[in-house]
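Asks: upload05.txt is reproduced in full below (compact mmCIF, C-alpha atoms).
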# COMPACT_ATOMS: atom_id res chain seq x y z
CA MET A 262 0.00 0.00 0.00
CA THR A 263 1.36 3.40 -0.94
CA PRO A 264 2.00 5.46 2.22
CA ALA A 265 0.58 8.92 2.64
CA VAL A 266 2.72 11.53 0.91
CA THR A 267 2.19 15.25 1.25
CA ILE A 268 3.43 18.20 -0.72
CA GLY A 269 3.49 21.43 1.25
CA THR A 270 3.71 22.50 4.86
CA ASN A 271 1.43 21.35 7.67
CA SER A 272 0.46 23.55 10.59
CA THR A 273 0.84 22.29 14.16
CA ASP A 274 -2.92 21.94 14.80
CA GLY A 275 -3.46 19.60 11.89
CA ASN A 276 -4.84 22.22 9.51
CA SER A 277 -3.12 22.19 6.16
CA THR A 278 -3.35 23.36 2.62
CA SER A 279 -0.89 20.73 1.47
CA ARG A 280 -1.65 18.23 -1.24
CA ALA A 281 -2.41 14.64 -0.26
CA ILE A 282 -1.46 11.64 -2.35
CA SER A 283 -2.76 8.11 -1.75
CA THR A 284 -4.12 8.41 1.75
CA GLU A 285 -7.34 7.70 3.61
CA VAL A 286 -9.69 10.62 3.09
CA ILE A 287 -12.82 11.56 5.03
CA ILE A 288 -15.22 14.13 3.61
CA GLY A 289 -17.38 15.63 6.35
CA SER A 290 -16.86 16.85 9.89
CA GLY A 291 -19.90 15.78 11.89
CA PRO A 292 -19.97 12.94 14.45
CA ALA A 293 -19.58 10.31 11.70
CA GLY A 294 -16.57 11.94 10.07
CA HIS A 295 -14.71 12.65 13.29
CA THR A 296 -15.39 9.24 14.79
CA ALA A 297 -14.01 7.63 11.64
CA ALA A 298 -10.98 9.91 11.87
CA ILE A 299 -10.33 9.01 15.50
CA TYR A 300 -10.41 5.28 14.77
CA LEU A 301 -8.26 5.56 11.65
CA ALA A 302 -5.72 7.80 13.34
CA ARG A 303 -5.40 5.45 16.31
CA ALA A 304 -4.77 2.67 13.79
CA ASN A 305 -1.84 4.73 12.39
CA LEU A 306 -3.53 5.18 9.02
CA ASN A 307 -2.92 8.95 8.91
CA PRO A 308 -6.41 10.08 7.84
CA VAL A 309 -7.07 13.39 6.16
CA LEU A 310 -10.41 14.97 7.04
CA PHE A 311 -11.92 17.72 4.90
CA GLU A 312 -14.20 19.62 7.25
CA GLY A 313 -15.38 21.99 4.55
CA PHE A 314 -15.78 25.75 4.50
CA MET A 315 -19.53 26.38 4.97
CA ALA A 316 -20.16 23.21 2.97
CA ASN A 317 -23.89 22.69 2.39
CA GLY A 318 -24.53 25.87 4.33
CA PHE A 319 -23.08 24.60 7.62
CA ALA A 320 -19.94 25.55 9.47
CA ALA A 321 -17.36 22.84 10.15
CA GLY A 322 -18.97 20.39 12.54
CA GLY A 323 -22.22 20.07 10.63
CA GLN A 324 -25.78 20.37 11.91
CA LEU A 325 -24.83 20.13 15.59
CA THR A 326 -23.12 23.51 15.33
CA THR A 327 -26.57 25.05 14.86
CA THR A 328 -28.13 23.41 17.93
CA THR A 329 -28.19 24.54 21.53
CA ASP A 330 -28.49 21.91 24.29
CA VAL A 331 -27.79 18.30 23.36
CA GLU A 332 -29.18 16.18 26.18
CA ASN A 333 -29.18 12.69 24.66
CA PHE A 334 -25.52 12.17 23.79
CA PRO A 335 -23.97 9.68 26.27
CA GLY A 336 -21.30 10.93 28.64
CA PHE A 337 -22.81 14.36 29.28
CA PRO A 338 -25.32 13.97 32.14
CA GLY A 339 -25.79 17.74 32.33
CA GLY A 340 -26.14 18.10 28.57
CA VAL A 341 -23.72 19.85 26.23
CA LEU A 342 -24.00 22.61 23.67
CA GLY A 343 -23.90 21.36 20.09
CA PRO A 344 -20.90 23.52 19.06
CA GLU A 345 -19.03 22.49 22.22
CA LEU A 346 -19.64 18.81 21.50
CA MET A 347 -18.26 19.18 18.00
CA GLU A 348 -15.21 21.04 19.28
CA LYS A 349 -14.51 18.06 21.52
CA PHE A 350 -14.88 15.69 18.56
CA ARG A 351 -12.44 17.83 16.58
CA ALA A 352 -9.91 18.06 19.42
CA GLN A 353 -9.92 14.30 19.82
CA SER A 354 -9.38 13.79 16.09
CA LEU A 355 -6.39 16.13 16.21
CA ARG A 356 -4.99 14.51 19.34
CA PHE A 357 -4.48 11.22 17.53
CA GLY A 358 -2.97 12.77 14.43
CA THR A 359 -5.81 13.43 12.01
CA ARG A 360 -4.89 16.09 9.46
CA ILE A 361 -7.88 18.42 9.23
CA ILE A 362 -8.26 20.66 6.20
CA THR A 363 -10.75 23.51 6.34
CA GLU A 364 -11.63 23.36 2.68
CA THR A 365 -14.46 21.81 0.68
CA VAL A 366 -14.09 18.91 -1.72
CA SER A 367 -16.17 20.00 -4.72
CA LYS A 368 -15.33 17.42 -7.38
CA ILE A 369 -14.56 13.73 -7.23
CA ASP A 370 -13.79 10.86 -9.61
CA LEU A 371 -14.59 7.38 -8.28
CA SER A 372 -14.11 5.54 -11.57
CA CYS A 373 -10.90 3.84 -10.43
CA ARG A 374 -8.44 3.65 -7.55
CA PRO A 375 -6.66 5.66 -6.44
CA PHE A 376 -9.68 7.94 -6.40
CA ARG A 377 -9.22 11.53 -7.51
CA TYR A 378 -10.70 14.64 -5.95
CA TRP A 379 -10.43 18.41 -6.24
CA ARG A 380 -10.91 21.24 -3.76
CA GLU A 381 -13.37 24.05 -4.26
CA TYR A 382 -12.15 26.74 -6.70
CA GLN A 383 -9.35 24.41 -7.85
CA GLU A 384 -11.44 22.11 -10.03
CA ASN A 385 -9.39 22.86 -13.15
CA GLY A 386 -6.09 22.17 -11.45
CA GLU A 387 -4.24 18.99 -10.60
CA SER A 388 -6.22 16.43 -8.66
CA GLU A 389 -5.35 14.83 -5.34
CA THR A 390 -5.75 11.12 -4.74
CA ALA A 391 -6.94 8.73 -2.05
CA ASP A 392 -6.82 4.97 -1.59
CA THR A 393 -10.13 5.00 0.28
CA ILE A 394 -12.80 7.62 0.86
CA ILE A 395 -15.42 7.89 3.58
CA ILE A 396 -18.37 10.07 2.61
CA ALA A 397 -19.79 11.65 5.77
CA THR A 398 -21.36 14.80 4.37
CA GLY A 399 -24.62 14.50 6.28
CA ALA A 400 -28.12 15.72 5.47
CA SER A 401 -29.96 18.93 6.23
CA ALA A 402 -33.57 19.47 7.20
CA LYS A 403 -35.74 21.04 4.55
CA ARG A 404 -37.00 24.46 5.59
CA LEU A 405 -39.99 26.51 4.54
CA GLY A 406 -38.44 29.99 4.55
CA LEU A 407 -41.22 31.43 6.70
CA ARG A 408 -41.04 34.98 7.98
CA GLY A 409 -39.28 34.80 11.34
CA GLU A 410 -37.95 31.31 10.69
CA GLN A 411 -34.30 32.32 10.86
CA THR A 412 -34.87 34.30 14.07
CA TYR A 413 -36.43 31.39 15.94
CA TRP A 414 -34.55 28.46 14.44
CA GLN A 415 -33.36 26.42 17.45
CA SER A 416 -35.17 28.96 19.63
CA GLY A 417 -38.54 27.31 19.27
CA ILE A 418 -38.22 25.82 15.79
CA SER A 419 -36.66 22.40 15.24
CA ALA A 420 -36.55 19.64 12.65
CA CYS A 421 -36.04 16.80 15.12
CA ALA A 422 -38.58 15.95 17.81
CA VAL A 423 -36.45 13.12 19.19
CA CYS A 424 -33.46 15.45 19.50
CA ASP A 425 -35.22 18.47 20.98
CA GLY A 426 -38.70 17.50 22.18
CA ALA A 427 -37.67 17.01 25.79
CA VAL A 428 -35.84 20.31 26.28
CA PRO A 429 -37.37 22.62 28.92
CA ILE A 430 -38.74 25.26 26.53
CA PHE A 431 -41.14 22.68 25.07
CA ARG A 432 -42.27 20.89 28.23
CA ASP A 433 -45.95 21.31 29.08
CA LYS A 434 -46.32 23.83 26.25
CA PRO A 435 -48.49 23.80 23.10
CA LEU A 436 -46.51 22.59 20.09
CA ALA A 437 -47.04 22.38 16.34
CA VAL A 438 -45.83 19.94 13.68
CA ILE A 439 -45.84 20.70 9.97
CA GLY A 440 -46.30 17.75 7.64
CA GLY A 441 -48.79 15.09 6.66
CA GLY A 442 -46.70 11.96 6.22
CA ASP A 443 -45.48 9.21 8.51
CA SER A 444 -42.64 11.36 9.84
CA ALA A 445 -45.10 14.06 10.91
CA ALA A 446 -47.35 11.47 12.52
CA GLU A 447 -44.44 9.93 14.39
CA GLU A 448 -43.12 13.29 15.57
CA ALA A 449 -46.54 14.50 16.70
CA THR A 450 -47.15 11.30 18.65
CA TYR A 451 -43.70 11.49 20.22
CA LEU A 452 -44.19 15.13 21.26
CA THR A 453 -47.35 14.30 23.22
CA LYS A 454 -44.99 12.91 25.88
CA TYR A 455 -43.73 16.41 26.59
CA GLY A 456 -46.06 19.08 25.22
CA SER A 457 -49.43 20.05 26.67
CA HIS A 458 -51.01 19.70 23.23
CA VAL A 459 -49.79 19.12 19.68
CA TYR A 460 -51.26 20.69 16.55
CA VAL A 461 -50.52 19.06 13.19
CA LEU A 462 -50.68 21.42 10.22
CA VAL A 463 -51.70 19.57 7.06
CA ARG A 464 -51.77 21.44 3.77
CA ARG A 465 -54.44 19.19 2.29
CA GLY A 466 -57.67 17.70 3.57
CA GLU A 467 -56.12 14.31 4.34
CA LEU A 468 -53.00 12.76 5.79
CA ARG A 469 -50.43 11.11 3.53
CA ALA A 470 -49.35 8.91 6.44
CA SER A 471 -50.00 5.18 6.46
CA LYS A 472 -53.36 4.10 7.82
CA ILE A 473 -51.95 2.87 11.11
CA MET A 474 -50.00 6.08 11.73
CA ALA A 475 -52.96 8.24 10.72
CA LYS A 476 -55.17 6.30 13.13
CA ARG A 477 -52.76 6.92 15.99
CA VAL A 478 -52.80 10.65 15.31
CA MET A 479 -56.56 10.93 14.94
CA SER A 480 -57.26 8.90 18.09
CA ASN A 481 -54.82 10.74 20.34
CA PRO A 482 -56.67 13.26 22.55
CA LYS A 483 -53.55 15.43 22.81
CA ILE A 484 -53.32 15.92 19.02
CA THR A 485 -55.44 18.23 16.89
CA VAL A 486 -55.11 18.12 13.12
CA LEU A 487 -55.61 21.45 11.36
CA TRP A 488 -56.68 20.54 7.83
CA ASN A 489 -55.97 22.73 4.80
CA THR A 490 -53.61 24.81 6.90
CA VAL A 491 -50.17 26.27 6.25
CA ALA A 492 -47.85 28.37 8.39
CA VAL A 493 -47.03 31.86 7.14
CA GLU A 494 -45.04 33.52 9.92
CA CYS A 495 -43.19 32.71 13.15
CA GLN A 496 -43.56 35.28 15.90
CA GLY A 497 -42.14 35.66 19.38
CA ASP A 498 -40.49 37.96 21.87
CA GLY A 499 -37.20 38.10 19.99
CA ASP A 500 -35.73 35.23 21.99
CA LEU A 501 -38.30 32.43 21.83
CA LEU A 502 -41.18 31.52 19.57
CA ASN A 503 -44.67 31.95 21.04
CA ILE A 504 -47.05 32.45 18.10
CA LEU A 505 -47.43 30.78 14.73
CA ARG A 506 -49.38 32.72 12.14
CA ILE A 507 -51.40 30.23 10.09
CA LYS A 508 -53.57 30.39 6.98
CA ASN A 509 -56.48 28.29 5.78
CA THR A 510 -55.74 27.34 2.18
CA VAL A 511 -59.44 27.08 1.30
CA THR A 512 -60.81 30.31 2.79
CA GLY A 513 -57.59 32.32 2.84
CA GLN A 514 -58.32 33.34 6.42
CA GLU A 515 -55.31 33.92 8.69
CA SER A 516 -55.16 33.50 12.45
CA ASP A 517 -52.69 33.21 15.31
CA LEU A 518 -51.92 29.83 16.88
CA PRO A 519 -50.25 30.18 20.30
CA VAL A 520 -47.43 27.61 20.37
CA ASN A 521 -44.01 27.52 21.96
CA GLY A 522 -42.54 24.98 19.61
CA LEU A 523 -42.67 24.30 15.87
CA PHE A 524 -41.32 21.07 14.40
CA TYR A 525 -40.73 20.56 10.70
CA ALA A 526 -41.46 17.06 9.41
CA ILE A 527 -41.16 17.76 5.70
CA GLY A 528 -38.07 15.74 4.97
CA HIS A 529 -34.30 16.07 4.76
CA GLU A 530 -31.90 16.66 1.89
CA PRO A 531 -28.81 14.41 1.91
CA ALA A 532 -25.61 16.16 0.84
CA THR A 533 -24.86 13.75 -1.99
CA ALA A 534 -24.62 16.05 -4.99
CA LEU A 535 -20.87 15.39 -5.03
CA VAL A 536 -21.29 11.66 -5.66
CA ARG A 537 -24.89 11.10 -6.72
CA ASP A 538 -24.00 10.24 -10.31
CA GLN A 539 -21.24 7.84 -9.24
CA LEU A 540 -22.67 5.95 -6.26
CA GLN A 541 -25.93 4.09 -5.98
CA THR A 542 -28.52 6.23 -4.19
CA ASP A 543 -32.20 5.83 -3.41
CA ALA A 544 -35.05 7.94 -4.77
CA ASP A 545 -34.42 10.60 -2.12
CA GLY A 546 -30.69 10.81 -2.83
CA TYR A 547 -29.41 8.89 0.19
CA ILE A 548 -26.36 6.70 -0.46
CA ILE A 549 -27.23 3.01 -0.48
CA THR A 550 -24.82 0.79 1.47
CA VAL A 551 -24.50 -2.97 1.69
CA PRO A 552 -26.86 -3.97 4.54
CA GLY A 553 -25.06 -4.11 7.87
CA THR A 554 -22.03 -2.24 6.51
CA THR A 555 -20.97 1.19 5.27
CA GLN A 556 -19.70 -0.14 1.94
CA THR A 557 -21.14 1.71 -1.05
CA SER A 558 -21.60 0.50 -4.60
CA VAL A 559 -17.96 1.41 -5.33
CA ARG A 560 -15.28 -0.76 -3.73
CA GLY A 561 -13.13 1.35 -1.41
CA VAL A 562 -15.75 4.06 -0.91
CA PHE A 563 -17.73 4.03 2.33
CA ALA A 564 -20.61 6.17 3.60
CA ALA A 565 -21.36 7.02 7.22
CA GLY A 566 -23.83 9.16 9.12
CA ASP A 567 -26.97 10.90 7.90
CA VAL A 568 -25.84 10.79 4.28
CA GLN A 569 -26.88 7.12 4.29
CA ASP A 570 -29.33 7.08 7.20
CA LYS A 571 -32.82 8.44 6.51
CA ARG A 572 -34.40 6.75 9.52
CA TYR A 573 -32.58 7.57 12.75
CA ARG A 574 -30.58 10.74 12.02
CA GLN A 575 -29.07 10.97 15.51
CA ALA A 576 -25.60 12.11 16.54
CA ILE A 577 -24.95 8.85 18.34
CA THR A 578 -25.99 6.65 15.40
CA SER A 579 -23.86 8.79 13.09
CA ALA A 580 -20.87 8.31 15.38
CA GLY A 581 -21.51 4.57 15.43
CA SER A 582 -21.57 4.35 11.63
CA GLY A 583 -18.36 6.41 11.52
CA CYS A 584 -16.73 3.76 13.68
CA MET A 585 -18.04 1.06 11.33
CA ALA A 586 -16.64 2.86 8.30
CA ALA A 587 -13.20 3.22 9.86
CA LEU A 588 -13.02 -0.45 10.83
CA GLU A 589 -14.10 -1.45 7.34
CA VAL A 590 -11.47 0.83 5.79
CA GLU A 591 -8.83 -0.74 8.01
CA LYS A 592 -9.94 -4.23 6.96
CA PHE A 593 -10.08 -3.21 3.30
CA ILE A 594 -6.51 -1.86 3.37
CA ALA A 595 -5.23 -4.96 5.16
CA GLU A 596 -6.81 -7.18 2.50
CA LEU A 597 -5.23 -5.14 -0.28
CA GLU A 598 -1.82 -5.46 1.33
CA GLU A 599 -2.24 -9.20 1.69
CA LEU A 600 -3.09 -9.44 -2.01
CA GLY A 601 -0.18 -7.19 -2.91
CA GLU A 602 -2.44 -4.60 -4.55
CA GLU A 603 -1.36 -1.01 -4.80
Give the structure from this file in structure tokens form.

Replies:
Amino acid sequence: MTPAVTIGTNSTDGNSTSRAISTEVIIGSGPAGHTAAIYLARANLNPVLFEGFMANGFAAGGQLTTTTDVENFPGFPGGVLGPELMEKFRAQSLRFGTRIITETVSKIDLSCRPFRYWREYQENGESETADTIIIATGASAKRLGLRGEQTYWQSGISACAVCDGAVPIFRDKPLAVIGGGDSAAEEATYLTKYGSHVYVLVRRGELRASKIMAKRVMSNPKITVLWNTVAVECQGDGDLLNILRIKNTVTGQESDLPVNGLFYAIGHEPATALVRDQLQTDADGYIITVPGTTQTSVRGVFAAGDVQDKRYRQAITSAGSGCMAALEVEKFIAELEELGEE
């Protein structure tokens, strides 16, 4: 196996603008990417992690950098701020020797090994290469662009009931869920554990959810479905959401719905544009992996975290799949060396 070779100068904290040749590359800097980096670095495989520069609209560290309290990540009984948690992930990656590059990979060629890739704004220049690649670019919640949405995002507005439903600002308070599918039904049902009442805003006159999920929603006394209803504005005191302006799509009438929490259940967008035409993906764009593994449709390319997980989408499950990817990379490299492949 060709060892990692670099051209350029590395900084002491692991950041670098040097060129990498034939190494183990990780694209993405959320829990999946950093967990993979930690495992690979401890195995002396000298991983290079591209954390991106506002890649997919997020700062390095991914979606957790936009959250406040994270109360369900093991090891933090008092909770931890999302940005702080990701700083700890990053520090641990660096501690074991991961080389972190704060640039975005914008072009990639997976047609043969070593794989080739290019950094943003350097697509017409010379490529860099990697023996293996772990795609850990994540997924982002779809937003509606409502008035006031940006002001109250993570201050009353969330896209993950399991992540945020239990935080104090939502407990024993009226909540709203936007969506009409199974995800909306699941989130609404889950939120009844914490909120005083849950309103489900459905654009049409019927739910798209499966019959069993729709039945659960309709039979729950703590859930009210508002048919033919859309949200138009998020209002509050400047710090927290307390009113959702809604509109009836049939009559056009607008009214105020007093709620302290708004949860989007309208889907996520996996960050797979970089590889979607080269790896097998599902109808929603998520990377398909061999069941029980992180192996993609291209030998030597692995996917970890939300980019291949449309069901759980939790920090802890992302970290777990990052561990899986690293162990599979290590096994893959060992097998190549045994076979004498370069």

Asks: So which residues are close to (-58.8, 13.2, 7.4), meaning at most 10 Å away in the file's coordinates with only C-alpha atoms counted, and can you show them as a list in words?

Replies: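 Result, sorted by chain then residue number: Val463, Arg465, Gly466, Glu467, Leu468, Arg469, Ala475, Lys476, Met479, Val486, Leu487 and Trp488 of chain A.
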
Asks: Could you save the residues just selected, with C-alpha atoms, as a CSV table (one decimal), in the coordinates of the input?

Replies:
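Result written to selection.csv:
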chain,number,residue,atom,x,y,z
A,463,VAL,CA,-51.7,19.6,7.1
A,465,ARG,CA,-54.4,19.2,2.3
A,466,GLY,CA,-57.7,17.7,3.6
A,467,GLU,CA,-56.1,14.3,4.3
A,468,LEU,CA,-53.0,12.8,5.8
A,469,ARG,CA,-50.4,11.1,3.5
A,475,ALA,CA,-53.0,8.2,10.7
A,476,LYS,CA,-55.2,6.3,13.1
A,479,MET,CA,-56.6,10.9,14.9
A,486,VAL,CA,-55.1,18.1,13.1
A,487,LEU,CA,-55.6,21.4,11.4
A,488,TRP,CA,-56.7,20.5,7.8

Asks: Choose the residue, out of A:Gln383, A:Thr296, A:Thr398, A:Gln514, that has the smallest atom-to-atom separation from Val493 in chain A; count only C-alpha atoms.

Replies: A:Gln514

Asks: Please provide the set of residues having any atom within 9 Å of Leu462 in chain A, restricted to all atoms listed in the file, with same-chain residues fewer than 2 positions apart removed, written as a compact mmCIF listing (two decimals) with C-alpha atoms, keeping the file's coordinate frame.

Replies:
# COMPACT_ATOMS: atom_id res chain seq x y z
CA ALA A 437 -47.04 22.38 16.34
CA VAL A 438 -45.83 19.94 13.68
CA ILE A 439 -45.84 20.70 9.97
CA GLY A 440 -46.30 17.75 7.64
CA GLY A 441 -48.79 15.09 6.66
CA TYR A 460 -51.26 20.69 16.55
CA ARG A 464 -51.77 21.44 3.77
CA THR A 485 -55.44 18.23 16.89
CA VAL A 486 -55.11 18.12 13.12
CA LEU A 487 -55.61 21.45 11.36
CA TRP A 488 -56.68 20.54 7.83
CA ASN A 489 -55.97 22.73 4.80
CA THR A 490 -53.61 24.81 6.90
CA VAL A 491 -50.17 26.27 6.25
CA ALA A 492 -47.85 28.37 8.39
CA ILE A 507 -51.40 30.23 10.09

Asks: Given all atoms listed in the file as the basis, pick out the residue of A:Leu523, A:Val366, A:Leu355, A:Ile548 nearest to Phe314 in chain A.

Replies: A:Val366

Asks: Hey, what's within 8 Å of Phe357 in chain A if we count all atoms listed in the file and toss same-chain stuff fewer than 3 positions away? As a list in words, please?

Replies: Ile299, Ala302, Arg303, Gln353 and Ser354 of chain A

Asks: When distances are computed from only C-alpha atoms, which of A:Ala400, A:Leu306, A:Leu325, A:Ala420 shows the smallest separation from Gly546 in chain A?

Replies: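 Answer, going by the shortest atom-to-atom distance: A:Ala400.
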
Asks: Using all atoms listed in the file, which of the listed residues (A:Val286, A:Val568, A:Leu407, A:Ala304) sits closest to Tyr525 in chain A?

Replies: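 Of A:Val286, A:Val568, A:Leu407, A:Ala304, the one nearest Tyr525 in chain A is A:Leu407, counting all atoms listed in the file.
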
Asks: Please determine, counting only C-alpha atoms, which residue among A:Gln496, A:Thr550, A:Asn521, A:Gln324 has the shortest atom-to-atom distance to Pro429 in chain A.

Replies: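 So, comparing all the options, the nearest one is A:Asn521.
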
Asks: Record the distance separating CA of Ala293 in chain A and CA of Gly323 in chain A, expressed in Å with one decimal.

Replies: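 Atom-to-atom, CA of Ala293 in chain A and CA of Gly323 in chain A are spaced 10.2 Å apart.
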
Asks: Return the single residue from A:Lys571, A:Ala595, A:Lys349, A:Ser582 that is closest to Phe337 in chain A, with distances computed using all atoms listed in the file.

Replies: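 Of A:Lys571, A:Ala595, A:Lys349, A:Ser582, the one nearest Phe337 in chain A, counting all atoms listed in the file, is A:Lys349.
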
Asks: So that I can see what lies close to Gly343 in chain A, please list as a ChimeraX atom specification the residues with an atom at most 9 Å from it, counting all atoms listed in the file and leaving out residues fewer than 2 positions away in the same chain.

Replies: /A:324-331,341,345-348

Asks: Excluding Arg537 in chain A and residues on its chain fewer than 3 positions from it, collect all residues at most 9 Å away from it, counting all atoms listed in the file, and give them as a ChimeraX atom specification.

Replies: /A:533-534,540-542,546-548
